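Peer 1: Next comes the structure file entry-v6.csv, holding CSV, C-alpha atoms.
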```
chain,number,residue,atom,x,y,z
A,1,MET,CA,20.7,-23.9,2.1
A,2,GLU,CA,18.3,-21.8,4.2
A,3,LYS,CA,15.0,-23.4,5.2
A,4,TRP,CA,13.0,-20.2,5.8
A,5,ALA,CA,11.7,-20.2,2.2
A,6,ALA,CA,10.4,-23.8,2.5
A,7,LEU,CA,8.5,-22.8,5.6
A,8,GLU,CA,7.2,-19.5,4.1
A,9,LEU,CA,6.0,-21.3,0.9
A,10,LYS,CA,4.8,-24.5,2.4
A,11,GLN,CA,1.2,-23.8,1.2
A,12,ALA,CA,2.3,-23.1,-2.4
A,13,ASP,CA,0.0,-24.8,-4.9
A,14,LEU,CA,1.4,-24.4,-8.5
A,15,GLY,CA,-0.3,-27.6,-9.7
A,16,ASP,CA,2.8,-29.7,-9.4
A,17,ALA,CA,5.1,-30.5,-6.5
A,18,ARG,CA,8.2,-29.9,-8.7
A,19,ARG,CA,7.0,-26.4,-9.4
A,20,ASN,CA,6.5,-25.8,-5.7
A,21,LYS,CA,10.0,-27.0,-5.0
A,22,ARG,CA,11.4,-24.8,-7.8
A,23,LEU,CA,9.7,-21.7,-6.3
A,24,VAL,CA,11.4,-22.4,-3.0
A,25,ARG,CA,14.8,-22.8,-4.6
A,26,ILE,CA,14.4,-19.6,-6.7
A,27,VAL,CA,13.3,-17.5,-3.7
A,28,GLU,CA,16.2,-18.8,-1.6
A,29,ASP,CA,18.7,-18.1,-4.4
A,30,LEU,CA,17.4,-14.5,-5.0
A,31,ALA,CA,17.2,-13.7,-1.3
A,32,ALA,CA,20.8,-14.8,-0.8
A,33,GLN,CA,22.0,-12.3,-3.4
A,34,PRO,CA,19.1,-9.8,-3.9
A,35,THR,CA,21.2,-7.2,-5.7
A,36,SER,CA,22.8,-9.6,-8.1
A,37,SER,CA,21.6,-10.4,-11.6
A,38,VAL,CA,19.4,-13.5,-12.0
A,39,PRO,CA,22.3,-15.6,-13.5
A,40,GLN,CA,24.6,-14.5,-10.6
A,41,ALA,CA,22.0,-15.3,-7.9
A,42,CYS,CA,21.1,-18.7,-9.5
A,43,GLY,CA,24.8,-19.7,-9.7
A,44,SER,CA,24.6,-22.0,-12.7
A,45,LEU,CA,23.4,-22.0,-16.3
A,46,ALA,CA,20.9,-24.8,-15.5
A,47,ALA,CA,19.4,-23.0,-12.5
A,48,THR,CA,19.2,-19.7,-14.5
A,49,SER,CA,17.4,-21.4,-17.3
A,50,ALA,CA,15.0,-23.1,-14.9
A,51,THR,CA,14.2,-19.7,-13.3
A,52,TYR,CA,13.4,-18.1,-16.7
A,53,ASP,CA,11.4,-21.1,-17.7
A,54,PHE,CA,9.5,-20.9,-14.4
A,55,TRP,CA,8.5,-17.2,-15.0
A,56,SER,CA,7.4,-18.2,-18.5
A,57,SER,CA,5.2,-21.1,-17.4
A,58,PRO,CA,1.7,-21.2,-18.8
A,59,TYR,CA,0.5,-23.6,-16.0
A,60,PHE,CA,0.1,-21.1,-13.2
A,61,LYS,CA,-0.2,-17.3,-12.6
A,62,ALA,CA,1.7,-14.7,-10.7
A,63,ASP,CA,-1.1,-14.6,-8.1
A,64,ASP,CA,-0.6,-18.3,-7.4
A,65,ILE,CA,3.0,-17.4,-6.3
A,66,ARG,CA,1.7,-14.5,-4.2
A,67,ASN,CA,-1.0,-16.6,-2.6
A,68,ALA,CA,1.6,-19.0,-1.0
A,69,HIS,CA,3.1,-16.0,0.8
A,70,ILE,CA,-0.3,-14.4,1.6
A,71,LYS,CA,-1.4,-17.6,3.4
A,72,SER,CA,1.7,-17.5,5.6
A,73,THR,CA,1.1,-13.7,6.2
A,74,VAL,CA,-2.4,-14.6,7.4
A,75,GLU,CA,-0.9,-17.1,9.8
A,76,ARG,CA,1.4,-14.5,11.2
A,77,ILE,CA,-1.5,-12.0,11.6
A,78,LYS,CA,-3.3,-14.5,13.8
A,79,GLU,CA,-0.6,-13.9,16.4
A,80,HIS,CA,-1.6,-10.3,16.8
A,81,ASP,CA,-4.8,-8.6,18.2
A,82,ILE,CA,-4.4,-5.5,16.1
A,83,VAL,CA,-3.0,-5.4,12.6
A,84,LEU,CA,-2.1,-2.5,10.3
A,85,MET,CA,-2.9,-2.9,6.6
A,86,ILE,CA,-0.8,-0.4,4.8
A,87,GLN,CA,-1.7,0.4,1.2
A,88,ASP,CA,0.3,2.2,-1.4
A,89,THR,CA,0.9,2.4,-5.2
A,90,THR,CA,4.2,2.5,-7.1
A,91,SER,CA,5.4,2.2,-10.7
A,92,ILE,CA,7.7,-0.3,-12.3
A,93,ASP,CA,9.5,1.8,-14.9
A,94,LEU,CA,10.5,-0.3,-17.9
A,95,THR,CA,11.0,2.6,-20.3
A,96,SER,CA,14.6,1.4,-20.9
A,97,HIS,CA,13.2,-1.9,-22.1
A,98,PRO,CA,11.1,-0.8,-25.1
A,99,GLY,CA,10.8,-4.4,-26.4
A,100,THR,CA,8.7,-5.5,-23.5
A,101,SER,CA,5.2,-6.2,-24.6
A,102,GLY,CA,2.0,-5.7,-22.5
A,103,ILE,CA,3.2,-2.7,-20.6
A,104,GLY,CA,1.5,0.7,-20.5
A,105,TYR,CA,2.2,4.4,-20.0
A,106,LEU,CA,3.1,5.7,-16.5
A,107,ASP,CA,3.1,9.5,-15.9
A,108,ASN,CA,3.3,10.5,-19.6
A,109,THR,CA,3.6,9.1,-23.1
A,110,LYS,CA,7.4,8.8,-22.7
A,111,CYS,CA,7.5,6.6,-19.6
A,112,PHE,CA,6.2,3.0,-19.8
A,113,GLY,CA,5.9,0.1,-17.4
A,114,LEU,CA,3.5,-1.4,-14.9
A,115,LYS,CA,1.5,0.0,-11.9
A,116,VAL,CA,1.6,-2.0,-8.7
A,117,HIS,CA,-0.7,-1.5,-5.7
A,118,SER,CA,0.3,-3.4,-2.6
A,119,THR,CA,-1.4,-4.0,0.8
A,120,PHE,CA,1.3,-4.7,3.4
A,121,ALA,CA,0.5,-6.1,6.8
A,122,ALA,CA,2.4,-4.9,9.9
A,123,SER,CA,1.8,-5.3,13.7
A,124,ALA,CA,0.7,-2.4,15.8
A,125,LYS,CA,4.4,-2.0,16.7
A,126,GLY,CA,5.5,-1.8,13.1
A,127,VAL,CA,6.8,-5.4,12.7
A,128,PRO,CA,6.5,-6.4,8.9
A,129,LEU,CA,4.2,-9.4,8.5
A,130,GLY,CA,3.9,-9.6,4.7
A,131,ILE,CA,1.8,-8.9,1.7
A,132,ILE,CA,-1.9,-9.5,1.9
A,133,ASN,CA,-2.8,-8.2,-1.6
A,134,GLN,CA,-1.0,-7.0,-4.7
A,135,GLN,CA,-2.7,-5.6,-7.8
A,136,VAL,CA,-0.7,-5.2,-11.0
A,137,TRP,CA,-1.9,-3.6,-14.2
A,138,ALA,CA,-0.8,-1.8,-17.4
A,139,ARG,CA,-2.5,1.5,-18.4
A,140,ASP,CA,-3.9,1.6,-21.9
A,141,ILE,CA,-2.5,4.5,-23.9
A,142,LYS,CA,-6.0,5.4,-25.1
A,143,ASP,CA,-6.9,6.3,-21.5
A,144,LEU,CA,-4.2,8.9,-21.2
A,145,GLY,CA,-5.8,12.1,-19.9
A,146,ILE,CA,-9.0,10.3,-18.8
A,147,ALA,CA,-8.3,11.6,-15.2
A,148,LYS,CA,-9.6,15.0,-16.4
A,149,LYS,CA,-13.1,13.4,-16.7
A,150,ARG,CA,-13.0,11.7,-13.2
A,151,ARG,CA,-16.1,13.6,-12.0
A,152,GLN,CA,-18.1,12.0,-14.8
A,153,ARG,CA,-17.2,8.4,-13.8
A,154,GLN,CA,-18.1,6.1,-10.9
A,155,THR,CA,-15.3,5.1,-8.5
A,156,GLU,CA,-15.4,1.5,-9.8
A,157,GLU,CA,-14.5,2.9,-13.3
A,158,LYS,CA,-11.4,4.7,-12.0
A,159,GLU,CA,-7.9,3.5,-10.8
A,160,SER,CA,-9.0,4.7,-7.3
A,161,GLN,CA,-11.1,1.6,-7.0
A,162,ARG,CA,-7.8,-0.2,-6.1
A,163,TRP,CA,-8.0,1.2,-2.6
A,164,LEU,CA,-11.5,-0.2,-2.1
A,165,ASP,CA,-10.4,-3.5,-3.6
A,166,GLY,CA,-7.5,-3.7,-1.2
A,167,LEU,CA,-9.9,-3.1,1.7
A,168,ASN,CA,-12.3,-5.7,0.5
A,169,GLN,CA,-9.5,-8.3,0.1
A,170,THR,CA,-8.3,-7.5,3.6
A,171,GLN,CA,-11.7,-8.0,5.1
A,172,LYS,CA,-12.1,-11.3,3.4
A,173,LEU,CA,-8.9,-12.8,4.7
A,174,ILE,CA,-8.5,-11.5,8.2
A,175,PRO,CA,-10.3,-13.3,11.1
A,176,GLU,CA,-13.2,-11.2,12.5
A,177,GLU,CA,-11.8,-11.3,16.0
A,178,LYS,CA,-8.8,-9.3,14.9
A,179,ILE,CA,-8.9,-5.5,14.7
A,180,VAL,CA,-7.7,-4.4,11.3
A,181,VAL,CA,-6.7,-0.8,10.5
A,182,THR,CA,-6.2,0.2,6.8
A,183,VAL,CA,-3.5,2.9,6.7
A,184,ALA,CA,-2.8,5.0,3.5
A,185,ASP,CA,-1.6,8.4,2.3
A,186,SER,CA,-3.6,11.2,0.8
A,187,GLU,CA,-4.2,9.3,-2.5
A,188,ALA,CA,-6.7,7.3,-0.5
A,189,ASP,CA,-8.7,10.3,0.6
A,190,ILE,CA,-11.7,9.1,-1.4
A,191,PHE,CA,-15.2,9.7,-0.1
A,192,ASP,CA,-16.4,6.3,-1.4
A,193,LEU,CA,-13.7,4.6,0.7
A,194,PHE,CA,-15.0,6.2,3.9
A,195,ARG,CA,-18.6,5.2,3.1
A,196,GLN,CA,-17.6,1.7,2.1
A,197,GLU,CA,-19.4,-1.0,4.2
A,198,ARG,CA,-17.1,-2.4,6.8
A,199,PRO,CA,-17.4,-5.0,9.6
A,200,GLU,CA,-17.0,-3.8,13.1
A,201,ASN,CA,-13.4,-5.0,13.3
A,202,SER,CA,-12.3,-3.0,10.2
A,203,HIS,CA,-11.1,0.6,10.5
A,204,LEU,CA,-9.6,3.3,8.3
A,205,LEU,CA,-6.7,5.6,9.0
A,206,ILE,CA,-6.1,7.8,6.0
A,207,ARG,CA,-4.1,11.0,5.5
A,208,GLY,CA,-6.5,13.7,4.4
A,209,THR,CA,-5.9,16.2,1.6
A,210,HIS,CA,-9.2,17.6,0.4
A,211,ASN,CA,-10.7,20.5,2.3
A,212,ARG,CA,-14.1,18.9,2.6
A,213,LYS,CA,-17.2,20.6,3.8
A,214,VAL,CA,-18.1,19.6,7.4
A,215,ASN,CA,-20.7,20.3,10.1
A,216,HIS,CA,-18.7,23.0,11.9
A,217,THR,CA,-19.0,26.7,12.2
A,218,ALA,CA,-15.8,27.0,10.2
A,219,ASN,CA,-17.6,25.1,7.4
A,220,TYR,CA,-14.5,23.3,6.0
A,221,LEU,CA,-12.3,20.5,7.4
A,222,HIS,CA,-8.9,22.3,7.4
A,223,GLN,CA,-10.3,25.4,9.2
A,224,ALA,CA,-12.4,23.3,11.6
A,225,ILE,CA,-9.6,21.2,12.9
A,226,ARG,CA,-7.2,24.2,13.3
A,227,ALA,CA,-9.9,26.0,15.2
A,228,THR,CA,-9.8,23.1,17.8
A,229,SER,CA,-7.7,23.5,20.9
A,230,SER,CA,-4.4,21.6,21.1
A,231,CYS,CA,-4.5,18.6,23.5
A,232,GLY,CA,-0.7,18.2,23.8
A,233,LYS,CA,2.6,17.5,22.0
A,234,LEU,CA,4.2,14.4,20.7
A,235,VAL,CA,7.8,13.7,19.6
A,236,VAL,CA,8.1,11.3,16.6
A,237,SER,CA,10.9,9.8,14.6
A,238,ILE,CA,10.7,10.8,10.9
A,239,LYS,CA,12.3,8.2,8.6
A,240,ARG,CA,14.6,9.2,5.8
A,241,ASN,CA,13.2,9.2,2.2
A,242,PRO,CA,14.5,10.6,-1.1
A,243,GLU,CA,13.2,14.1,-0.2
A,244,ARG,CA,14.5,14.4,3.4
A,245,GLN,CA,16.9,13.1,6.0
A,246,ALA,CA,15.9,11.2,9.1
A,247,ARG,CA,15.1,13.4,12.1
A,248,THR,CA,12.8,13.8,15.1
A,249,ALA,CA,9.8,16.2,15.1
A,250,GLU,CA,7.7,17.7,17.9
A,251,LEU,CA,4.1,17.7,16.8
A,252,THR,CA,1.2,19.6,18.2
A,253,ILE,CA,-1.9,17.4,18.4
A,254,ARG,CA,-5.5,18.3,17.8
A,255,TYR,CA,-8.5,16.1,17.4
A,256,ALA,CA,-12.2,16.4,16.7
A,257,THR,CA,-15.3,14.4,15.6
A,258,LEU,CA,-16.7,15.9,12.4
A,259,GLU,CA,-19.4,14.9,9.9
A,260,VAL,CA,-18.1,15.1,6.4
A,261,GLU,CA,-20.6,16.1,3.7
A,262,VAL,CA,-21.0,14.3,0.4
A,263,PRO,CA,-18.8,16.0,-2.3
A,264,ARG,CA,-20.7,18.5,-4.4
A,265,HIS,CA,-19.8,16.7,-7.7
A,266,HIS,CA,-20.4,13.1,-6.4
A,267,ILE,CA,-22.6,11.1,-8.8
A,268,GLY,CA,-25.8,10.2,-7.0
A,269,ARG,CA,-25.2,12.8,-4.3
A,270,SER,CA,-28.8,13.1,-3.3
A,271,GLN,CA,-29.0,9.4,-2.2
A,272,ILE,CA,-25.8,9.4,-0.2
A,273,LYS,CA,-25.5,10.3,3.5
A,274,PRO,CA,-22.6,12.2,5.1
A,275,VAL,CA,-20.0,10.2,7.0
A,276,LYS,CA,-18.8,10.8,10.6
A,277,LEU,CA,-15.1,10.7,11.1
A,278,GLN,CA,-12.5,11.3,13.8
A,279,VAL,CA,-10.0,13.9,12.6
A,280,VAL,CA,-6.5,14.2,14.1
A,281,LEU,CA,-4.1,17.0,13.1
A,282,ALA,CA,-0.4,16.4,14.0
A,283,GLU,CA,1.5,19.6,13.0
A,284,GLU,CA,5.1,20.7,13.5
A,285,GLU,CA,5.1,24.4,14.6
A,286,ASN,CA,8.9,24.9,14.8
A,287,PRO,CA,10.7,22.7,12.3
A,288,PRO,CA,14.5,22.8,12.0
A,289,GLU,CA,15.9,25.4,9.7
A,290,GLY,CA,15.8,24.3,6.1
A,291,SER,CA,13.3,21.5,6.8
A,292,SER,CA,9.7,21.4,5.6
A,293,PRO,CA,7.3,21.2,8.6
A,294,ILE,CA,5.5,17.9,9.2
A,295,SER,CA,1.7,18.3,8.9
A,296,TRP,CA,-0.4,15.2,9.0
A,297,LEU,CA,-4.2,15.5,8.8
A,298,LEU,CA,-5.5,12.1,9.6
A,299,LEU,CA,-9.1,10.9,9.0
A,300,THR,CA,-10.1,7.8,10.9
A,301,THR,CA,-13.0,5.6,11.9
A,302,LEU,CA,-11.2,4.6,15.1
A,303,GLU,CA,-12.5,6.0,18.4
A,304,VAL,CA,-10.5,9.1,19.4
A,305,ASN,CA,-11.6,10.8,22.6
A,306,SER,CA,-8.3,11.5,24.3
A,307,PHE,CA,-4.7,12.6,23.7
A,308,GLU,CA,-3.7,9.0,24.0
A,309,GLY,CA,-6.2,7.9,21.3
A,310,ALA,CA,-5.0,10.7,19.0
A,311,THR,CA,-1.3,9.9,19.4
A,312,ARG,CA,-2.0,6.2,18.8
A,313,CYS,CA,-3.3,7.2,15.4
A,314,VAL,CA,-0.2,9.3,14.7
A,315,GLU,CA,2.1,6.4,15.8
A,316,TRP,CA,0.3,4.0,13.5
A,317,TYR,CA,0.5,6.4,10.6
A,318,THR,CA,4.3,6.7,11.1
A,319,TYR,CA,4.6,3.0,10.2
A,320,ARG,CA,3.4,3.8,6.6
A,321,TRP,CA,7.1,4.2,5.8
A,322,LEU,CA,7.3,0.4,5.8
A,323,ILE,CA,5.4,0.1,2.5
A,324,GLU,CA,7.6,2.8,1.0
A,325,ARG,CA,10.6,0.9,2.1
A,326,TYR,CA,9.1,-2.3,0.7
A,327,HIS,CA,8.6,-0.8,-2.8
A,328,TYR,CA,12.0,0.8,-2.6
A,329,THR,CA,13.5,-2.6,-1.8
A,330,LEU,CA,11.8,-4.2,-4.8
A,331,LYS,CA,13.1,-1.6,-7.2
A,332,SER,CA,16.5,-0.5,-5.8
A,333,GLY,CA,17.4,-3.6,-3.8
A,334,CYS,CA,16.0,-6.4,-5.9
A,335,LYS,CA,16.4,-4.3,-9.1
A,336,ILE,CA,13.1,-5.4,-10.6
A,337,GLU,CA,13.2,-2.6,-13.1
A,338,GLU,CA,16.4,-4.0,-14.7
A,339,LEU,CA,14.9,-7.4,-15.6
A,340,GLN,CA,14.6,-7.9,-19.4
A,341,LEU,CA,11.8,-10.5,-19.6
A,342,GLU,CA,10.2,-9.5,-22.9
A,343,THR,CA,6.5,-9.5,-21.6
A,344,ALA,CA,4.5,-7.9,-18.8
A,345,LYS,CA,3.3,-11.4,-17.8
A,346,ARG,CA,6.9,-12.6,-17.1
A,347,ILE,CA,7.7,-9.3,-15.3
A,348,ASP,CA,4.6,-9.9,-13.1
A,349,MET,CA,5.8,-13.5,-12.4
A,350,ALA,CA,9.2,-12.2,-11.4
A,351,LEU,CA,7.6,-9.4,-9.3
A,352,ALA,CA,5.5,-11.9,-7.4
A,353,THR,CA,8.7,-13.9,-6.6
A,354,TYR,CA,10.7,-10.9,-5.6
A,355,SER,CA,7.9,-9.6,-3.5
A,356,ILE,CA,8.6,-12.5,-1.1
A,357,VAL,CA,12.3,-11.7,-1.2
A,358,ALA,CA,11.6,-8.0,-0.4
A,359,TRP,CA,9.5,-8.8,2.6
A,360,ARG,CA,12.3,-11.1,3.9
A,361,LEU,CA,14.8,-8.3,3.5
A,362,LEU,CA,12.6,-5.8,5.2
```
Would you mind writing the file's structure down as structure tokens?
Peer 2:
Amino acid sequence: MEKWAALELKQADLGDARRNKRLVRIVEDLAAQPTSSVPQACGSLAATSATYDFWSSPYFKADDIRNAHIKSTVERIKEHDIVLMIQDTTSIDLTSHPGTSGIGYLDNTKCFGLKVHSTFAASAKGVPLGIINQQVWARDIKDLGIAKKRRQRQTEEKESQRWLDGLNQTQKLIPEEKIVVTVADSEADIFDLFRQERPENSHLLIRGTHNRKVNHTANYLHQAIRATSSCGKLVVSIKRNPERQARTAELTIRYATLEVEVPRHHIGRSQIKPVKLQVVLAEEENPPEGSSPISWLLLTTLEVNSFEGATRCVEWYTYRWLIERYHYTLKSGCKIEELQLETAKRIDMALATYSIVAWRLL
């Protein structure tokens, strides 16, 4: 039997040493055969029954399972001076299990399941270190369509608060002597995230999408950065995803320091100050025939005053594929969506367990 799970979960505290030992056994079994069904991975009727009973236990929560792994992740983080905290959201689609209670709608009234927002730690060279935070929730069907009223609500009343919560959790757990860079795609292009209070060691690296108003003669972000002279070219490796094949891309790099104005419809706009950000544009001018050009507009609080500083941001952003692969491993590798566990609580318990397995596989 492998010993890695015992080391990874040595700080588990489920209220009873026997539960801690059971968690280690379950993780080892599932990691040994991640694509197998639970009965196949467990190997016996007794072990299978013990696993299902474990996920049904009223004596601990899913976050108690995650916390054992998070503590080990923090220990690994201490070995690095710079750490990337990659955030992303995915859906656990349980539409094919209509009997599961406690789940909510996903993209429409015909798809049901759970939403999962993970914060995944990696080294500055892209080495996976583990989960630091994972939020799981079910949308209430009565809230369907509420996004249309987003301008009338504060950020803390929206799902977008998950990005700020992920940042806050990161800042609580990571030693202040470590530089932490939160990396996220365009869903995190939220003005309140940029103006969130952060300690000196905490930075943001977010893919921009909104054409925000800025203090530039061009008036708007997209036009302002494209009006900036190129500082060089960079060749990067593009990872495969469901929409494209793996390939290399030559990117033209531009960077500038811009002051981003408060959005016109922001609640309490008159009391809020603009935020100063470094902007990096990495754009593919001559993509291969049949390929969509790469265009990454990155907004960051990191210091960028040279080509090297700009390309460092681009390199770190390329590691965002790790969390996509992590979520893919959970769903397609560990087959979390195929579990029939009757309640959202049990699914969450299984998800917390498989989250450790997915990191190990990654």
Peer 1: Go ahead and find all residues with at least one atom no further than 10 Å from (-16.6, 22.3, 5.3) in the file's coordinates, using only C-alpha atoms; report them as a list in words.
Peer 2: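 All residues meeting the 10 Å criterion around (-16.6, 22.3, 5.3) are Asn211, Arg212, Lys213, Val214, Asn215, His216, Thr217, Ala218, Asn219, Tyr220, Leu221, His222, Gln223, Ala224, Leu258, Glu259, Val260 and Glu261 of chain A.
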Peer 1: So that I can check the surroundings of Pro293 in chain A, please list as a list in words every protein, DNA and RNA residue that reaches within 9 Å of it, counting all atoms listed in the file and ignoring chain neighbours fewer than 5 positions away.
Peer 2: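 Listing them by chain and then by number gives Ala249, Glu283, Glu284, Glu285, Asn286, Pro287 and Pro288 of chain A.
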Peer 1: Residues at most 9 Å from Asn133 in chain A, counting all atoms listed in the file, excluding those fewer than 4 positions away in the same chain, as a ChimeraX atom specification?
Peer 2: /A:66-67,70,117-120,166,169-170
Peer 1: Quick one: distance from CA of Ser56 in chain A to CA of Lys345 in chain A in Å, one decimal?
Peer 2: 8.0 Å
Peer 1: Determine, counting only C-alpha atoms, which protein, DNA and RNA residues have an atom within 9 Å of an atom of Cys111 in chain A; residues of the same chain fewer than 5 positions away are not included. Present the result as a list in words.
Peer 2: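 My list of contacting residues is Asp93, Leu94, Thr95, Ser96, Gly104, Tyr105 and Leu106 of chain A.
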Peer 1: Tell me which of A:Ile347, A:Leu361, A:Ser237, A:Arg139 sits closest to Gln33 in chain A, counting all atoms listed in the file.
Peer 2: A:Leu361
Peer 1: Quick one: everything within 12 Å of Asp140 in chain A, counting all atoms listed in the file, minus sequence neighbours fewer than 3 positions away in the same chain. Send it as a list in words.
Peer 2: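 Final neighbour list, sorted by chain and number: Gly102, Ile103, Gly104, Tyr105, Leu106, Asn108, Thr109, Phe112, Gly113, Leu114, Lys115, Trp137, Asp143, Leu144, Gly145, Ile146 and Glu159 of chain A.
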Peer 1: Restricting the calculation to all atoms listed in the file: of A:Glu75, A:Glu28, A:Glu303, A:Asp13, which residue gets closest to His203 in chain A?
Peer 2: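 Looking only at the distances to His203 in chain A, the closest residue turns out to be A:Glu303.
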Peer 1: Go through A:Leu164, A:Ala62, A:Val116, A:Val180 one by one, measure the shortest atom-to-atom distance of each to His80 in chain A using all atoms listed in the file, and give the residue with the smallest value.
Peer 2: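 Smallest separation from His80 in chain A among the options: A:Val180.
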Peer 1: When distances are computed from all atoms listed in the file, which of A:Thr182, A:Thr318, A:Thr353, A:Arg195 shows the smallest separation from Val235 in chain A?
Peer 2: A:Thr318
Peer 1: Find the spatial neighbours of Ile65 in chain A, counting all atoms listed in the file, within a cut-off of 12 Å - ignore same-chain residues fewer than 5 positions away - and output them as a PDB file with C-alpha atoms, in the frame of the given file.
Peer 2:
```pdb
ATOM      1  CA  GLU A   8       7.200 -19.500   4.100  1.00  0.00           C
ATOM      2  CA  LEU A   9       6.000 -21.300   0.900  1.00  0.00           C
ATOM      3  CA  LYS A  10       4.800 -24.500   2.400  1.00  0.00           C
ATOM      4  CA  GLN A  11       1.200 -23.800   1.200  1.00  0.00           C
ATOM      5  CA  ALA A  12       2.300 -23.100  -2.400  1.00  0.00           C
ATOM      6  CA  ASP A  13       0.000 -24.800  -4.900  1.00  0.00           C
ATOM      7  CA  LEU A  14       1.400 -24.400  -8.500  1.00  0.00           C
ATOM      8  CA  GLY A  15      -0.300 -27.600  -9.700  1.00  0.00           C
ATOM      9  CA  ARG A  19       7.000 -26.400  -9.400  1.00  0.00           C
ATOM     10  CA  ASN A  20       6.500 -25.800  -5.700  1.00  0.00           C
ATOM     11  CA  LYS A  21      10.000 -27.000  -5.000  1.00  0.00           C
ATOM     12  CA  ARG A  22      11.400 -24.800  -7.800  1.00  0.00           C
ATOM     13  CA  LEU A  23       9.700 -21.700  -6.300  1.00  0.00           C
ATOM     14  CA  VAL A  24      11.400 -22.400  -3.000  1.00  0.00           C
ATOM     15  CA  ILE A  26      14.400 -19.600  -6.700  1.00  0.00           C
ATOM     16  CA  VAL A  27      13.300 -17.500  -3.700  1.00  0.00           C
ATOM     17  CA  PHE A  54       9.500 -20.900 -14.400  1.00  0.00           C
ATOM     18  CA  TRP A  55       8.500 -17.200 -15.000  1.00  0.00           C
ATOM     19  CA  SER A  57       5.200 -21.100 -17.400  1.00  0.00           C
ATOM     20  CA  TYR A  59       0.500 -23.600 -16.000  1.00  0.00           C
ATOM     21  CA  PHE A  60       0.100 -21.100 -13.200  1.00  0.00           C
ATOM     22  CA  ILE A  70      -0.300 -14.400   1.600  1.00  0.00           C
ATOM     23  CA  LYS A  71      -1.400 -17.600   3.400  1.00  0.00           C
ATOM     24  CA  SER A  72       1.700 -17.500   5.600  1.00  0.00           C
ATOM     25  CA  ILE A 131       1.800  -8.900   1.700  1.00  0.00           C
ATOM     26  CA  ASN A 133      -2.800  -8.200  -1.600  1.00  0.00           C
ATOM     27  CA  GLN A 134      -1.000  -7.000  -4.700  1.00  0.00           C
ATOM     28  CA  ASP A 348       4.600  -9.900 -13.100  1.00  0.00           C
ATOM     29  CA  MET A 349       5.800 -13.500 -12.400  1.00  0.00           C
ATOM     30  CA  ALA A 350       9.200 -12.200 -11.400  1.00  0.00           C
ATOM     31  CA  LEU A 351       7.600  -9.400  -9.300  1.00  0.00           C
ATOM     32  CA  ALA A 352       5.500 -11.900  -7.400  1.00  0.00           C
ATOM     33  CA  THR A 353       8.700 -13.900  -6.600  1.00  0.00           C
ATOM     34  CA  TYR A 354      10.700 -10.900  -5.600  1.00  0.00           C
ATOM     35  CA  SER A 355       7.900  -9.600  -3.500  1.00  0.00           C
ATOM     36  CA  ILE A 356       8.600 -12.500  -1.100  1.00  0.00           C
TER      37      ILE A 356
END
```
Peer 1: With only C-alpha atoms as the atoms that count, which of A:Asp189, A:Glu200, A:Asp165, A:Glu157 lies nearest to Glu177 in chain A?
Peer 2: A:Glu200
Peer 1: Nearest to Leu7 in chain A: which of A:Arg25, A:Arg346, A:Lys273, A:Lys142 is it, counting all atoms listed in the file?
Peer 2: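 Answer, going by the shortest atom-to-atom distance: A:Arg25.
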Peer 1: Because the input lacks atoms here, generate N, CA, C and O atoms for range 268-275 of chain A and report them as a tab-separated table (two decimals), keeping the file's coordinate frame.
Peer 2:
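File result_27.tsv, as written:
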```tsv
chain	number	residue	atom	x	y	z
A	268	GLY	N	-24.82	10.75	-7.91
A	268	GLY	CA	-25.80	10.20	-7.00
A	268	GLY	C	-25.81	10.85	-5.63
A	268	GLY	O	-26.21	10.24	-4.64
A	269	ARG	N	-25.35	12.08	-5.56
A	269	ARG	CA	-25.20	12.80	-4.30
A	269	ARG	C	-26.42	12.79	-3.42
A	269	ARG	O	-26.35	12.63	-2.20
A	270	SER	N	-27.57	12.96	-4.04
A	270	SER	CA	-28.80	13.10	-3.30
A	270	SER	C	-29.20	11.85	-2.51
A	270	SER	O	-29.94	11.92	-1.53
A	271	GLN	N	-28.70	10.67	-2.93
A	271	GLN	CA	-29.00	9.40	-2.20
A	271	GLN	C	-27.97	8.99	-1.24
A	271	GLN	O	-28.08	7.93	-0.62
A	272	ILE	N	-26.94	9.79	-1.05
A	272	ILE	CA	-25.80	9.40	-0.20
A	272	ILE	C	-25.80	10.26	1.07
A	272	ILE	O	-26.05	11.46	1.03
A	273	LYS	N	-25.48	9.62	2.19
A	273	LYS	CA	-25.50	10.30	3.50
A	273	LYS	C	-24.03	10.77	3.82
A	273	LYS	O	-23.06	10.16	3.39
A	274	PRO	N	-23.90	11.82	4.61
A	274	PRO	CA	-22.60	12.20	5.10
A	274	PRO	C	-21.97	11.12	5.96
A	274	PRO	O	-22.68	10.21	6.42
A	275	VAL	N	-20.66	11.18	6.19
A	275	VAL	CA	-20.00	10.20	7.00
A	275	VAL	C	-19.35	10.88	8.23
A	275	VAL	O	-18.81	11.98	8.10
```
